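Below is one structure, written out as structure tokens; comments come after it.
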Amino acid sequence: MRPYITLVRRELSGFYVSLTGYLIIGAIQFLLGLCFVIILQALDGKPFDMPVTEAFFNNGLFWLILLLAPPVITMRSFAHEKFSGTYETLMTTPVSDGQVVMAKFTGALIFFLSAWLPLIAYPFILREYSVDLTDLDLGALGGTMIGLLLYGGLYLSIGCFASAMTRSQIIAAMNTFVLGLGFFLASFLHHIIPVKPGWQSVVFHHISQIEHMRDFSRGMLDIRQIIFYLSLTVLFLFLTHKAVESRRWK
Amino acid sequence: MGEESAQNEIPMIEVKGLTKRFKKRTAVEDLNFTVGRGKVVGFLGPNGAGKTSTMRMLSCYMPATSGTARVGGYNVYTNPDEVRRKIGYMPENNPLHVDMRVREYLKFRARLKGMRVQDSRRRVDYVTDVCGLGDVQRKLIGHLSKGYRQRVGLADALVHEPELMILDEPTIGLDPHQIRTVRKLIKELGKTYTVLVSSHILSEIEMTCDEVIIIHQGRIIEAESVEGLHAKMSSERQVIAEIAAPREELMDYLEHTGEIEHFDVQPADGEFLNCALTPRAGFDLRPQVFQIAREKGWQLRELTRTRHSLEDIFMRVTRRDEEDGF
């Protein structure tokens with residue numbers, strides 16, 4: 001346990017002590033701010049009929065953040081250590097492969113979530129300055145953060161996997177982005193393929209991340225969706241573990 | 001007491017039939033050697049001989065294809081965590097986190113190797129002192145010179161009180177002054193720890209080690225104490241002498257001296273002649289040459305025995321292998 005905590009702290013200090021970390025946070029804040037401005041313009045003088053959090057998710061920029069941030073956050077995790085050689089010093093300490101994988105993943109997840117924290121402020125700002133939006137839906141806000149946690153978990157585990165497969169940060173980031181984009185685009189399958197009764201439409205509906213996020217942002221937590229994200233996250237972490245282990249049998 | 005002596009009887013490293021094959025090539029084949037406690041052992045071989053592969057297997061970074069290796073009695077494959085705790089390993093090129101400060105890095109490594117906060121603080125103070133890092137402990141590793149980085153690597157290998165230090169090419173890429181410092185440090189460490197140090201420079205191993213294992217193309221070709229190797233090699237060492245003498249007289253002397261098996265005389269500048277003399281096995285020709293020069297009143301301006309380079313040793317040992325084969 002002690003090495004695990006030490007490694008998580010090292011990961012976090014890698015993000016928060018370096019300029020890269022703040023660049024990522026800055027970029028996320030910039031895009032979030034743009035989101036907010038677009039919502040404000042859309043709402044200007046019109047009645048408002050959905051939770052503010054949901055309005056965020058209907059915005060393309062929001063998804064852009066979700067797709068771009070994980071590759072940038074995780075590309076360093078394994079690839080950089082392999083490239084600089086510190087991977088060898090790390091793997092010759094009495095630390096198990098599993099601990100290393102979990103520590104890298106935890107560090108990335110904590111950083112990712114911390115970059116989203118300012119999102120919480122936006123509904124409060126809206127309530128402060130709007131005329132009729134007096135009640136704040138805390139459930140929706142909570143659901144959103146849980147949704148982000150699950151999303152972050154999945155995309156970051158994909159990122160860890162891609163990073164463990166290569167020595168090049170660029171390749172790691174590209175692979176993460178492409179895999180993530182693939183998952184995201186699968187959301188549109190049930191729009192593209194005409195809905196007809198049958199198992200396909202049920203499956204397509206269940207893997208649609210846009211649908212999932214809509215539910216989360218309304219404050220609805222569906223156990224099936226939670227299992228969907230958790231199981232995929234575990235799968236990719238398992239694959240990462242295998243990739244780390246592969247130096248033994250390659 | 002009894003337990004302790006039993007502990008001391010277990011060799012620090014015990015390697016039996018160790019083989020590592022990669023997809024297309026064999027890195028090492030059937031290595032067998034033992035390293036006793038408290039020894040400084042040099043692992044000598046040209047680049048690509050299999051030194052790094054062996055060290056990586058010993059430090060549990062990668063498993064062997066076949067054969068076993070034990071460190072302090074623990075099998076590297078079945079008990080990797082125990083072995084890792086016993087080993088302080090510094091890989092080739094000494095990779096470090098350049099974005100960390102020296103002290104921060106050493107503390108991080110100590111904690112990673114399972115030390116408690118208080119212990120790690122005490123140990124970091126100690127290794128900082130031993131490796132002479134006191135002045136730079138607050139500096140970023142990325143801003144340090146290569147010599148200092150090497151010391152940070154050594155401090156890292158040392159921080160968790162290992163019993164065995166494995167150092168892969170610790171002096172590579174350093175300037176002569178830094179090489180000297182690092183060698184001195186290794187020699188110093190050898191008084192307390194068992195050290196396995198790899199190098200492709202013969203003189204380096206001669207200066208720092210008690211024993212030497214020579215590895216070539218993945219096989220051990222010689223495992224010997226440094227003195228033993230010296231004795232073996234010095235018997236055939238050539239003597240170079242530069243003498244100002246009448247040519248005929250000198251040739252006559254050389255031809256009629258029984259201890260000289262072969263000689264080659266070339267004119268040097270001025271009156272001097274450069275003689276390369278190969279002695280019969282076991283003879284040191286230098287006193288004799290000096291004696292004759294003094295008797296005849298010849299001027300003598302150089303009298304040296306050639307040193308064997310690593311290449312010579314390889315040439316000789318591999319040649320002997322071939323001869324054995326026939």
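Ordered as shown in the structure tokens, chains take letters A, B, and onward, while each chain numbers its residues from 1 and ligands are numbered from 1 in the order shown.
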Inset, instruction - Report the residues of range 73-149 of chain B whose backbone DSSP state falls under alpha helix (DSSP H), written as an MDAnalysis selection string. - result: chainID B and resid 80:86 102:112 117:130 146:149
Legend entry - Contacts of Asp44 in chain A at 12 Å (only C-alpha atoms; same-chain gap of 6+ positions) as a VMD selection string: chain A and resid 37 to 38 126 129 to 131
Inset, instruction - For chain B, report every residue with an atom at most 6 Å from chain A (counting only C-alpha atoms), formatted as number ranges by chain. - result: B: 61-63, 81, 84, 95-96, 112-113
Go ahead and save the picked residues with C-alpha atoms, as a tab-separated table (two decimals), in the first residue's frame.
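Saved to result-v4.tsv:
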```tsv
chain	number	residue	atom	x	y	z
B	61	TYR	CA	13.38	-6.74	-14.64
B	62	MET	CA	12.98	-9.60	-17.06
B	63	PRO	CA	12.90	-13.34	-16.53
B	81	ASP	CA	10.13	-8.82	-4.19
B	84	ARG	CA	14.47	-6.47	-5.23
B	95	PRO	CA	17.73	7.19	-16.02
B	96	LEU	CA	16.39	9.72	-13.50
B	112	LEU	CA	8.92	3.38	-3.11
B	113	LYS	CA	11.30	0.72	-1.91
```
What lies within 10 Å of range 189-202 of chain B using only C-alpha atoms, ignoring chain neighbours under 5 positions off, as a PDB file with N, CA, C and O atoms, in the first residue's frame?
```pdb
ATOM      1  N   MET B  12      26.201 -14.436  -2.368  1.00  0.00           N
ATOM      2  CA  MET B  12      25.332 -13.305  -2.692  1.00  0.00           C
ATOM      3  C   MET B  12      24.611 -13.555  -4.008  1.00  0.00           C
ATOM      4  O   MET B  12      23.413 -13.365  -4.119  1.00  0.00           O
ATOM      5  N   ILE B  13      25.356 -13.983  -5.002  1.00  0.00           N
ATOM      6  CA  ILE B  13      24.731 -14.299  -6.283  1.00  0.00           C
ATOM      7  C   ILE B  13      25.119 -15.717  -6.675  1.00  0.00           C
ATOM      8  O   ILE B  13      26.288 -16.100  -6.551  1.00  0.00           O
ATOM      9  N   VAL B  35      29.013 -15.240  -6.825  1.00  0.00           N
ATOM     10  CA  VAL B  35      29.668 -14.066  -6.268  1.00  0.00           C
ATOM     11  C   VAL B  35      29.530 -14.144  -4.754  1.00  0.00           C
ATOM     12  O   VAL B  35      28.422 -14.251  -4.231  1.00  0.00           O
ATOM     13  N   GLY B  36      30.660 -14.148  -4.064  1.00  0.00           N
ATOM     14  CA  GLY B  36      30.647 -14.226  -2.602  1.00  0.00           C
ATOM     15  C   GLY B  36      30.279 -12.886  -1.983  1.00  0.00           C
ATOM     16  O   GLY B  36      30.364 -11.845  -2.633  1.00  0.00           O
ATOM     17  N   ARG B  37      29.878 -12.945  -0.705  1.00  0.00           N
ATOM     18  CA  ARG B  37      29.535 -11.712  -0.009  1.00  0.00           C
ATOM     19  C   ARG B  37      30.749 -10.814   0.181  1.00  0.00           C
ATOM     20  O   ARG B  37      31.861 -11.310   0.385  1.00  0.00           O
ATOM     21  N   GLY B  38      30.533  -9.513   0.110  1.00  0.00           N
ATOM     22  CA  GLY B  38      31.585  -8.544   0.361  1.00  0.00           C
ATOM     23  C   GLY B  38      32.604  -8.392  -0.749  1.00  0.00           C
ATOM     24  O   GLY B  38      33.621  -7.750  -0.583  1.00  0.00           O
ATOM     25  N   LYS B  39      32.328  -8.989  -1.922  1.00  0.00           N
ATOM     26  CA  LYS B  39      33.265  -8.876  -3.041  1.00  0.00           C
ATOM     27  C   LYS B  39      32.844  -7.747  -3.984  1.00  0.00           C
ATOM     28  O   LYS B  39      31.666  -7.432  -4.086  1.00  0.00           O
ATOM     29  N   VAL B  40      33.835  -7.190  -4.658  1.00  0.00           N
ATOM     30  CA  VAL B  40      33.531  -6.276  -5.756  1.00  0.00           C
ATOM     31  C   VAL B  40      33.882  -7.021  -7.036  1.00  0.00           C
ATOM     32  O   VAL B  40      35.038  -7.362  -7.261  1.00  0.00           O
ATOM     33  N   VAL B  41      32.871  -7.320  -7.814  1.00  0.00           N
ATOM     34  CA  VAL B  41      33.092  -8.147  -8.988  1.00  0.00           C
ATOM     35  C   VAL B  41      32.828  -7.348 -10.257  1.00  0.00           C
ATOM     36  O   VAL B  41      31.813  -6.671 -10.378  1.00  0.00           O
ATOM     37  N   GLY B  42      33.768  -7.421 -11.158  1.00  0.00           N
ATOM     38  CA  GLY B  42      33.634  -6.707 -12.425  1.00  0.00           C
ATOM     39  C   GLY B  42      33.062  -7.628 -13.479  1.00  0.00           C
ATOM     40  O   GLY B  42      33.451  -8.791 -13.584  1.00  0.00           O
ATOM     41  N   PHE B  43      32.170  -7.086 -14.246  1.00  0.00           N
ATOM     42  CA  PHE B  43      31.531  -7.838 -15.303  1.00  0.00           C
ATOM     43  C   PHE B  43      32.029  -7.201 -16.593  1.00  0.00           C
ATOM     44  O   PHE B  43      31.638  -6.098 -16.925  1.00  0.00           O
ATOM     45  N   LEU B  44      32.926  -7.894 -17.255  1.00  0.00           N
ATOM     46  CA  LEU B  44      33.661  -7.241 -18.321  1.00  0.00           C
ATOM     47  C   LEU B  44      33.312  -7.855 -19.666  1.00  0.00           C
ATOM     48  O   LEU B  44      33.245  -9.077 -19.801  1.00  0.00           O
ATOM     49  N   GLY B  45      33.078  -7.007 -20.650  1.00  0.00           N
ATOM     50  CA  GLY B  45      32.778  -7.538 -21.972  1.00  0.00           C
ATOM     51  C   GLY B  45      32.517  -6.401 -22.932  1.00  0.00           C
ATOM     52  O   GLY B  45      32.196  -5.293 -22.500  1.00  0.00           O
ATOM     53  N   PRO B  46      32.671  -6.660 -24.234  1.00  0.00           N
ATOM     54  CA  PRO B  46      32.396  -5.596 -25.202  1.00  0.00           C
ATOM     55  C   PRO B  46      30.898  -5.307 -25.241  1.00  0.00           C
ATOM     56  O   PRO B  46      30.103  -6.056 -24.676  1.00  0.00           O
ATOM     57  N   ASN B  47      30.546  -4.231 -25.927  1.00  0.00           N
ATOM     58  CA  ASN B  47      29.129  -3.903 -26.040  1.00  0.00           C
ATOM     59  C   ASN B  47      28.397  -5.043 -26.731  1.00  0.00           C
ATOM     60  O   ASN B  47      28.887  -5.603 -27.693  1.00  0.00           O
ATOM     61  N   ALA B  49      27.682  -7.935 -25.351  1.00  0.00           N
ATOM     62  CA  ALA B  49      28.131  -9.261 -24.920  1.00  0.00           C
ATOM     63  C   ALA B  49      27.094  -9.968 -24.062  1.00  0.00           C
ATOM     64  O   ALA B  49      27.150 -11.167 -23.881  1.00  0.00           O
ATOM     65  N   LYS B  51      25.985  -8.280 -20.976  1.00  0.00           N
ATOM     66  CA  LYS B  51      26.121  -7.790 -19.597  1.00  0.00           C
ATOM     67  C   LYS B  51      24.800  -7.241 -19.082  1.00  0.00           C
ATOM     68  O   LYS B  51      24.332  -7.613 -18.006  1.00  0.00           O
ATOM     69  N   THR B  52      24.204  -6.352 -19.872  1.00  0.00           N
ATOM     70  CA  THR B  52      22.966  -5.713 -19.433  1.00  0.00           C
ATOM     71  C   THR B  52      21.848  -6.732 -19.264  1.00  0.00           C
ATOM     72  O   THR B  52      21.106  -6.686 -18.281  1.00  0.00           O
ATOM     73  N   MET B  55      22.310  -8.505 -16.025  1.00  0.00           N
ATOM     74  CA  MET B  55      21.996  -7.649 -14.887  1.00  0.00           C
ATOM     75  C   MET B  55      20.495  -7.438 -14.753  1.00  0.00           C
ATOM     76  O   MET B  55      19.963  -7.379 -13.653  1.00  0.00           O
ATOM     77  N   ILE B  87      18.569  -5.754  -3.563  1.00  0.00           N
ATOM     78  CA  ILE B  87      19.400  -5.214  -4.628  1.00  0.00           C
ATOM     79  C   ILE B  87      19.232  -3.707  -4.783  1.00  0.00           C
ATOM     80  O   ILE B  87      18.128  -3.185  -4.717  1.00  0.00           O
ATOM     81  N   GLY B  88      20.352  -3.034  -4.972  1.00  0.00           N
ATOM     82  CA  GLY B  88      20.306  -1.652  -5.414  1.00  0.00           C
ATOM     83  C   GLY B  88      20.802  -1.653  -6.849  1.00  0.00           C
ATOM     84  O   GLY B  88      21.948  -2.003  -7.101  1.00  0.00           O
ATOM     85  N   TYR B  89      19.928  -1.329  -7.779  1.00  0.00           N
ATOM     86  CA  TYR B  89      20.268  -1.481  -9.191  1.00  0.00           C
ATOM     87  C   TYR B  89      20.353  -0.118  -9.870  1.00  0.00           C
ATOM     88  O   TYR B  89      19.461   0.704  -9.724  1.00  0.00           O
ATOM     89  N   MET B  90      21.438   0.103 -10.575  1.00  0.00           N
ATOM     90  CA  MET B  90      21.547   1.319 -11.370  1.00  0.00           C
ATOM     91  C   MET B  90      21.671   0.919 -12.831  1.00  0.00           C
ATOM     92  O   MET B  90      22.701   0.391 -13.242  1.00  0.00           O
ATOM     93  N   GLU B  92      21.944   1.036 -17.024  1.00  0.00           N
ATOM     94  CA  GLU B  92      22.827   1.724 -17.961  1.00  0.00           C
ATOM     95  C   GLU B  92      22.246   3.103 -18.256  1.00  0.00           C
ATOM     96  O   GLU B  92      21.033   3.283 -18.311  1.00  0.00           O
ATOM     97  N   VAL B 130      27.335  10.292   1.874  1.00  0.00           N
ATOM     98  CA  VAL B 130      28.288   9.345   1.284  1.00  0.00           C
ATOM     99  C   VAL B 130      28.595   9.701  -0.168  1.00  0.00           C
ATOM    100  O   VAL B 130      29.740   9.643  -0.614  1.00  0.00           O
ATOM    101  N   CYS B 131      27.578  10.067  -0.915  1.00  0.00           N
ATOM    102  CA  CYS B 131      27.771  10.338  -2.343  1.00  0.00           C
ATOM    103  C   CYS B 131      28.126  11.797  -2.628  1.00  0.00           C
ATOM    104  O   CYS B 131      28.180  12.209  -3.785  1.00  0.00           O
ATOM    105  N   LEU B 154      23.771   6.468  -7.961  1.00  0.00           N
ATOM    106  CA  LEU B 154      24.398   5.602  -6.960  1.00  0.00           C
ATOM    107  C   LEU B 154      23.687   5.749  -5.613  1.00  0.00           C
ATOM    108  O   LEU B 154      23.425   4.767  -4.925  1.00  0.00           O
ATOM    109  N   LEU B 158      21.579   2.932  -3.389  1.00  0.00           N
ATOM    110  CA  LEU B 158      22.082   2.679  -2.042  1.00  0.00           C
ATOM    111  C   LEU B 158      21.057   2.956  -0.960  1.00  0.00           C
ATOM    112  O   LEU B 158      21.184   2.504   0.174  1.00  0.00           O
ATOM    113  N   GLU B 161      19.357   0.493   1.872  1.00  0.00           N
ATOM    114  CA  GLU B 161      20.274  -0.438   2.536  1.00  0.00           C
ATOM    115  C   GLU B 161      20.304  -1.802   1.860  1.00  0.00           C
ATOM    116  O   GLU B 161      19.985  -2.816   2.477  1.00  0.00           O
ATOM    117  N   PRO B 162      20.654  -1.861   0.591  1.00  0.00           N
ATOM    118  CA  PRO B 162      20.688  -3.154  -0.085  1.00  0.00           C
ATOM    119  C   PRO B 162      21.911  -3.944   0.363  1.00  0.00           C
ATOM    120  O   PRO B 162      22.826  -3.373   0.957  1.00  0.00           O
ATOM    121  N   GLU B 163      21.888  -5.244   0.062  1.00  0.00           N
ATOM    122  CA  GLU B 163      23.076  -6.035   0.364  1.00  0.00           C
ATOM    123  C   GLU B 163      23.974  -6.107  -0.867  1.00  0.00           C
ATOM    124  O   GLU B 163      25.174  -6.277  -0.779  1.00  0.00           O
ATOM    125  N   LEU B 164      23.333  -6.007  -2.019  1.00  0.00           N
ATOM    126  CA  LEU B 164      24.059  -6.133  -3.278  1.00  0.00           C
ATOM    127  C   LEU B 164      23.772  -4.918  -4.155  1.00  0.00           C
ATOM    128  O   LEU B 164      22.629  -4.516  -4.310  1.00  0.00           O
ATOM    129  N   MET B 165      24.837  -4.353  -4.722  1.00  0.00           N
ATOM    130  CA  MET B 165      24.628  -3.254  -5.665  1.00  0.00           C
ATOM    131  C   MET B 165      24.991  -3.746  -7.055  1.00  0.00           C
ATOM    132  O   MET B 165      26.061  -4.313  -7.259  1.00  0.00           O
ATOM    133  N   ILE B 166      24.069  -3.516  -7.979  1.00  0.00           N
ATOM    134  CA  ILE B 166      24.335  -3.888  -9.359  1.00  0.00           C
ATOM    135  C   ILE B 166      24.425  -2.596 -10.161  1.00  0.00           C
ATOM    136  O   ILE B 166      23.458  -1.844 -10.261  1.00  0.00           O
ATOM    137  N   LEU B 167      25.589  -2.312 -10.707  1.00  0.00           N
ATOM    138  CA  LEU B 167      25.798  -1.057 -11.416  1.00  0.00           C
ATOM    139  C   LEU B 167      26.156  -1.354 -12.866  1.00  0.00           C
ATOM    140  O   LEU B 167      27.172  -1.992 -13.139  1.00  0.00           O
ATOM    141  N   ASP B 168      25.302  -0.903 -13.772  1.00  0.00           N
ATOM    142  CA  ASP B 168      25.531  -1.188 -15.184  1.00  0.00           C
ATOM    143  C   ASP B 168      26.246  -0.013 -15.838  1.00  0.00           C
ATOM    144  O   ASP B 168      25.665   1.061 -15.983  1.00  0.00           O
ATOM    145  N   GLU B 169      27.481  -0.201 -16.204  1.00  0.00           N
ATOM    146  CA  GLU B 169      28.308   0.836 -16.837  1.00  0.00           C
ATOM    147  C   GLU B 169      28.224   2.176 -16.096  1.00  0.00           C
ATOM    148  O   GLU B 169      27.779   3.174 -16.659  1.00  0.00           O
ATOM    149  N   PRO B 170      28.650   2.218 -14.846  1.00  0.00           N
ATOM    150  CA  PRO B 170      28.454   3.457 -14.079  1.00  0.00           C
ATOM    151  C   PRO B 170      29.312   4.630 -14.529  1.00  0.00           C
ATOM    152  O   PRO B 170      29.004   5.763 -14.187  1.00  0.00           O
ATOM    153  N   THR B 171      30.358   4.387 -15.297  1.00  0.00           N
ATOM    154  CA  THR B 171      31.218   5.526 -15.653  1.00  0.00           C
ATOM    155  C   THR B 171      31.073   5.939 -17.109  1.00  0.00           C
ATOM    156  O   THR B 171      31.809   6.783 -17.585  1.00  0.00           O
ATOM    157  N   ILE B 172      30.099   5.364 -17.796  1.00  0.00           N
ATOM    158  CA  ILE B 172      29.974   5.662 -19.225  1.00  0.00           C
ATOM    159  C   ILE B 172      29.581   7.129 -19.423  1.00  0.00           C
ATOM    160  O   ILE B 172      28.750   7.677 -18.702  1.00  0.00           O
ATOM    161  N   ARG B 183      34.692   6.038  -9.597  1.00  0.00           N
ATOM    162  CA  ARG B 183      35.453   4.831  -9.278  1.00  0.00           C
ATOM    163  C   ARG B 183      35.814   4.777  -7.808  1.00  0.00           C
ATOM    164  O   ARG B 183      35.707   3.744  -7.152  1.00  0.00           O
ATOM    165  N   LYS B 184      36.254   5.940  -7.298  1.00  0.00           N
ATOM    166  CA  LYS B 184      36.638   6.019  -5.899  1.00  0.00           C
ATOM    167  C   LYS B 184      35.444   5.673  -5.020  1.00  0.00           C
ATOM    168  O   LYS B 184      35.554   4.926  -4.042  1.00  0.00           O
ATOM    169  N   MET B 207      41.060  -1.486 -11.578  1.00  0.00           N
ATOM    170  CA  MET B 207      41.214  -0.534 -10.479  1.00  0.00           C
ATOM    171  C   MET B 207      40.210  -0.741  -9.364  1.00  0.00           C
ATOM    172  O   MET B 207      40.504  -0.472  -8.211  1.00  0.00           O
ATOM    173  N   THR B 208      38.999  -1.170  -9.709  1.00  0.00           N
ATOM    174  CA  THR B 208      37.958  -1.189  -8.687  1.00  0.00           C
ATOM    175  C   THR B 208      37.627  -2.580  -8.142  1.00  0.00           C
ATOM    176  O   THR B 208      37.039  -2.670  -7.088  1.00  0.00           O
ATOM    177  N   CYS B 209      37.957  -3.636  -8.875  1.00  0.00           N
ATOM    178  CA  CYS B 209      37.364  -4.927  -8.509  1.00  0.00           C
ATOM    179  C   CYS B 209      38.347  -5.924  -7.911  1.00  0.00           C
ATOM    180  O   CYS B 209      39.544  -5.859  -8.132  1.00  0.00           O
ATOM    181  N   ASP B 210      37.783  -6.895  -7.169  1.00  0.00           N
ATOM    182  CA  ASP B 210      38.570  -8.015  -6.650  1.00  0.00           C
ATOM    183  C   ASP B 210      38.585  -9.151  -7.660  1.00  0.00           C
ATOM    184  O   ASP B 210      39.576  -9.855  -7.808  1.00  0.00           O
ATOM    185  N   GLU B 211      37.431  -9.352  -8.276  1.00  0.00           N
ATOM    186  CA  GLU B 211      37.299 -10.466  -9.214  1.00  0.00           C
ATOM    187  C   GLU B 211      36.733  -9.951 -10.524  1.00  0.00           C
ATOM    188  O   GLU B 211      36.097  -8.912 -10.566  1.00  0.00           O
ATOM    189  N   VAL B 212      36.964 -10.709 -11.559  1.00  0.00           N
ATOM    190  CA  VAL B 212      36.453 -10.266 -12.846  1.00  0.00           C
ATOM    191  C   VAL B 212      35.832 -11.452 -13.582  1.00  0.00           C
ATOM    192  O   VAL B 212      36.334 -12.574 -13.535  1.00  0.00           O
ATOM    193  N   ILE B 213      34.680 -11.178 -14.189  1.00  0.00           N
ATOM    194  CA  ILE B 213      34.036 -12.187 -15.021  1.00  0.00           C
ATOM    195  C   ILE B 213      34.031 -11.621 -16.437  1.00  0.00           C
ATOM    196  O   ILE B 213      33.471 -10.550 -16.670  1.00  0.00           O
ATOM    197  N   ILE B 214      34.682 -12.305 -17.341  1.00  0.00           N
ATOM    198  CA  ILE B 214      34.734 -11.807 -18.713  1.00  0.00           C
ATOM    199  C   ILE B 214      33.686 -12.527 -19.535  1.00  0.00           C
ATOM    200  O   ILE B 214      33.612 -13.758 -19.535  1.00  0.00           O
ATOM    201  N   ILE B 215      32.874 -11.759 -20.202  1.00  0.00           N
ATOM    202  CA  ILE B 215      31.781 -12.341 -20.970  1.00  0.00           C
ATOM    203  C   ILE B 215      31.911 -11.881 -22.419  1.00  0.00           C
ATOM    204  O   ILE B 215      32.253 -10.738 -22.683  1.00  0.00           O
ATOM    205  N   HIS B 308      48.095  -5.135 -21.449  1.00  0.00           N
ATOM    206  CA  HIS B 308      47.112  -5.832 -22.274  1.00  0.00           C
ATOM    207  C   HIS B 308      45.815  -5.065 -22.281  1.00  0.00           C
ATOM    208  O   HIS B 308      45.296  -4.696 -21.246  1.00  0.00           O
ATOM    209  N   SER B 309      45.310  -4.834 -23.414  1.00  0.00           N
ATOM    210  CA  SER B 309      44.018  -4.176 -23.487  1.00  0.00           C
ATOM    211  C   SER B 309      42.958  -5.266 -23.497  1.00  0.00           C
ATOM    212  O   SER B 309      43.248  -6.446 -23.616  1.00  0.00           O
ATOM    213  N   LEU B 310      41.733  -4.826 -23.352  1.00  0.00           N
ATOM    214  CA  LEU B 310      40.635  -5.780 -23.355  1.00  0.00           C
ATOM    215  C   LEU B 310      40.625  -6.569 -24.660  1.00  0.00           C
ATOM    216  O   LEU B 310      40.402  -7.776 -24.671  1.00  0.00           O
ATOM    217  N   GLU B 311      40.946  -5.861 -25.750  1.00  0.00           N
ATOM    218  CA  GLU B 311      40.952  -6.536 -27.055  1.00  0.00           C
ATOM    219  C   GLU B 311      41.947  -7.690 -27.071  1.00  0.00           C
ATOM    220  O   GLU B 311      41.654  -8.776 -27.541  1.00  0.00           O
ATOM    221  N   ILE B 313      42.992  -9.402 -24.581  1.00  0.00           N
ATOM    222  CA  ILE B 313      42.489 -10.523 -23.795  1.00  0.00           C
ATOM    223  C   ILE B 313      41.463 -11.297 -24.588  1.00  0.00           C
ATOM    224  O   ILE B 313      41.482 -12.525 -24.632  1.00  0.00           O
TER     225      ILE B 313
END
```
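CA of Leu40 in chain A lies 18.9 Å from CA of Arg218 in chain A.
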Inset, instruction - Tell me, as a VMD selection string, which residues lie within 10 Å of Pro118 in chain A, counting only C-alpha atoms; anything in the same chain fewer than 4 positions away does not count. - result: chain A and resid 28 to 29 32 to 33 113 to 114 122
Please produce an output containing C-alpha atoms for each residue in the selection, written as an mmCIF file, in the first residue's frame.
```cif
data_model
loop_
_atom_site.group_PDB
_atom_site.id
_atom_site.type_symbol
_atom_site.label_atom_id
_atom_site.label_comp_id
_atom_site.auth_asym_id
_atom_site.auth_seq_id
_atom_site.Cartn_x
_atom_site.Cartn_y
_atom_site.Cartn_z
ATOM 1 C CA ILE A 28 -10.209 22.671 -20.222
ATOM 2 C CA GLN A 29 -11.288 25.848 -18.431
ATOM 3 C CA LEU A 32 -15.767 25.062 -20.491
ATOM 4 C CA GLY A 33 -15.970 28.838 -20.384
ATOM 5 C CA LEU A 113 -11.577 15.344 -11.940
ATOM 6 C CA SER A 114 -9.778 18.286 -10.388
ATOM 7 C CA TYR A 122 -21.405 27.531 -13.217
#
```
Legend entry - Distance of CA of Asn58 in chain A from CA of His206 in chain A, expressed in Å to one decimal place: 18.3 Å
Inset, instruction - Excluding range 67-72 of chain B and any residue of its chain fewer than 6 positions from it, enumerate the residues within 6 Å of it, using only C-alpha atoms, and give them as number ranges by chain. - result: B: 12-18
